[in-house]
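Encoded as structure tokens, the structure appears first; notes follow it.
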Amino acid sequence: MQQDKIPTIIIVGAGLGGLSLYHALIKNKDKKEFNVKIFERESSPTDRWQGYHIGLSNYGAQSLLNCIPSSIASNLPKATPNTVPDVETHGIIITDQVGNVLLAPPTKPFKDVYELAKISRGLSSMITYRDRLRDVLLEGVPVKWNKKCIKYVETQEGIWVFFEDGTQEFCNILVGADGINSPIRKQKLPELQIVNYGITHVGVDISIPKHLMDRASKIHGNVLARKTLGTKGDSTFMMTRLIPIKQEQNDEKNEPHYRATLVYSYPSELDNVDVESEKAKVDDNDPASVIEHVKRLIRTLRPDCELTDLLLELWDLAPKTIPNDPIKFPFKNYNPVQRRMMRDIDPMSIKSWTKMKLLLKNTKNTNVLLHLNDIHSDDYREHNLHKKLKKK
Ligand SMILES: Cc1cc2nc3c(=O)[nH]c(=O)nc-3n(C[C@H](O)[C@H](O)[C@H](O)COP(=O)(O)OP(=O)(O)OC[C@H]3O[C@@H](n4cnc5c(N)ncnc54)[C@H](O)[C@@H]3O)c2cc1C
């Protein structure tokens, strides 16, 4: 690569990570200029349901605000509504299976994402709407849609990125921001092992009517992240905001509803045993069977009590068919209930750090290949990357 040419960075994946990186690179243009291109396999921003809730910690808020320009930050309240004093408390509460409080870490109150970002010690978080956060981050970003990356080829000059539609693009730095099943990571680190924790999570997005939310809040207070621990290896988790959803308000009773994400977790071995003396017939393509499976496990593993009744009622709210209501679920696809084994990468199974450091230190050109999930070490934080590339 010639020194006077502006290097090109290709980001594959316009999820939260890829979009944040795009903004950070453009925002820091005065420090180092790049041509930045971003490619996404989805055909448009509304190609599929973009999720429900995602937690933003104080460290995440600091990073996000550092990445994005003020024009985007001013829209953040659409995705991360400011706290509603006296109505909701941002924090976590953990109870046992009958609702006795086991852990309620003290929370530091804050009113908005800027205040959250100022908390420098401990962990605080706010529950944000992932779909809206993605919309906010998409603002002004020239994403090239319908571009599924299938492979890359490294050459002396740089990197060629190949797409499913038969096209290819050249860059000096390729960033795989292509999520948990990243094809770029799989090509770069074929030796990476995936470990299974032996735990299964079932997750679902629901809307809760106020009378049920009031019952739930009697047990857990107005804390937004609520966990219960069973005694047989199972646990429940609920994430919510106590801000009613507008489009749900014209139901029969005109009762406010709230968005909530529910997760039920249990030892994966229970997928293979008979509960309630009936062999569980669970078909992941049939949401009703997955919900029934969860309810069967709750009835089997939990004692008779108000909390168990409440959990069963909450799981009854999960859509049993894939919703096709253009008003409540405006996207082409909606994520129905999902049952997944909990898996993680085993970072000790790869030797990528040395390779990446050598690549950064020794090459005369800026032919660098990174995967976002690999940028955990301080060494690879974005500002350091900028510094290293600037020196070349
Ligand atoms: C549709 C969706 C809904 C989600 N909902 C939630 C939620 O409700 N709560 C929660 O906590 N987390 C959710 N997540 C996960 C969460 O967003 C991520 O784990 C986290 O934000 C890390 O972000 P990321 O940018 O690394 O990956 P992601 O946010 O997963 O984004 C990866 C992006 O890369 C794209 N991509 C993948 N492969 C290719 C390819 N070959 N070529 C081009 N593009 C590709 C994907 O379509 C996606 O847009 C969701 C992720 C997605 C994709």
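Order determines the names: the first chain of the structure tokens is A, the second B, and so forth; residues in each chain are numbered 1 upward, and ligands are numbered 1 upward as they are shown.
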Contacts of chain A with ligand 1 up to 6 Å, shortest pair per row, only C-alpha atoms and all ligand atoms, as a Markdown table:
```
| residue | atom | partner | partner_atom_place_in_ligand_line | distance |
| --- | --- | --- | --- | --- |
| A:Val12 | CA | ligand 1 | 43 (C) | 5.2 |
| A:Gly13 | CA | ligand 1 | 34 (O) | 3.3 |
| A:Ala14 | CA | ligand 1 | 49 (O) | 4.8 |
| A:Gly15 | CA | ligand 1 | 31 (O) | 3.4 |
| A:Leu16 | CA | ligand 1 | 25 (O) | 4.1 |
| A:Gly17 | CA | ligand 1 | 25 (O) | 3.3 |
| A:Gly18 | CA | ligand 1 | 25 (O) | 5.2 |
| A:Phe39 | CA | ligand 1 | 43 (C) | 5.8 |
| A:Glu40 | CA | ligand 1 | 44 (N) | 3.9 |
| A:Arg41 | CA | ligand 1 | 43 (C) | 3.9 |
| A:Glu42 | CA | ligand 1 | 47 (O) | 5.5 |
| A:Trp49 | CA | ligand 1 | 1 (C) | 5.9 |
| A:Gln50 | CA | ligand 1 | 1 (C) | 4.2 |
| A:Gly51 | CA | ligand 1 | 8 (O) | 3.4 |
| A:Tyr52 | CA | ligand 1 | 8 (O) | 3.9 |
| A:His53 | CA | ligand 1 | 8 (O) | 4.7 |
| A:Ile54 | CA | ligand 1 | 11 (O) | 4.0 |
| A:Arg130 | CA | ligand 1 | 8 (O) | 5.8 |
| A:Lys147 | CA | ligand 1 | 43 (C) | 5.7 |
| A:Lys148 | CA | ligand 1 | 42 (N) | 3.6 |
| A:Cys149 | CA | ligand 1 | 42 (N) | 3.9 |
| A:Ile150 | CA | ligand 1 | 41 (N) | 5.7 |
| A:Ala177 | CA | ligand 1 | 26 (O) | 5.3 |
| A:Asp178 | CA | ligand 1 | 34 (O) | 3.4 |
| A:Gly179 | CA | ligand 1 | 27 (O) | 3.7 |
| A:Ser182 | CA | ligand 1 | 38 (N) | 5.7 |
| A:Pro183 | CA | ligand 1 | 41 (N) | 5.8 |
```
Exercise for the section: Tell me, as a PyMOL selection string, which residues lie within 6 Å of Tyr258 (chain A), counting only C-alpha atoms; anything in the same chain fewer than 3 positions away does not count. Expected result: chain A and resi 207-208+244-245
Requested write-out: C-alpha atoms of the selected residues, as an mmCIF file, in the first residue's frame:
```
data_model
loop_
_atom_site.group_PDB
_atom_site.id
_atom_site.type_symbol
_atom_site.label_atom_id
_atom_site.label_comp_id
_atom_site.auth_asym_id
_atom_site.auth_seq_id
_atom_site.Cartn_x
_atom_site.Cartn_y
_atom_site.Cartn_z
ATOM 1 C CA SER A 207 -45.771 -7.829 26.682
ATOM 2 C CA ILE A 208 -47.114 -7.867 30.233
ATOM 3 C CA PRO A 244 -45.898 1.302 29.044
ATOM 4 C CA ILE A 245 -45.732 0.405 25.366
#
```
Completion exercise
Residue with the minimum atom-to-atom distance to Val141 (chain A), picked from A:Val202, A:Ala288, A:Ile72, A:Ile345 with only C-alpha atoms counted, is A:Ile72
Practice task
May I have the residues within 7 Å of Pro209 (chain A) as number ranges by chain, using only C-alpha atoms and disregarding those fewer than 6 positions away in the same chain?
Solution key: A: 255-258
Set out as CSV a contact list for region 169-283 of chain A and region 107-125 of chain A with a cut-off of 10 Å, giving each residue of region 169-283 of chain A that qualifies its closest atom pair and distance in Å to one decimal, counting only C-alpha atoms, ordered by chain and rising residue number.
```
residue,atom,partner,partner_atom,distance
A:Val223,CA,A:Thr107,CA,9.8
A:Leu224,CA,A:Ser125,CA,9.7
A:Ala225,CA,A:Ser125,CA,9.5
```
Problem - Selection: 8 Å around Val337 (chain A), only C-alpha atoms, excl. self and same-chain fewer than 2 positions, as JSON, numbers by chain - result: {"A": [202, 203, 204, 205, 287, 290, 291, 318, 319, 335, 339]}
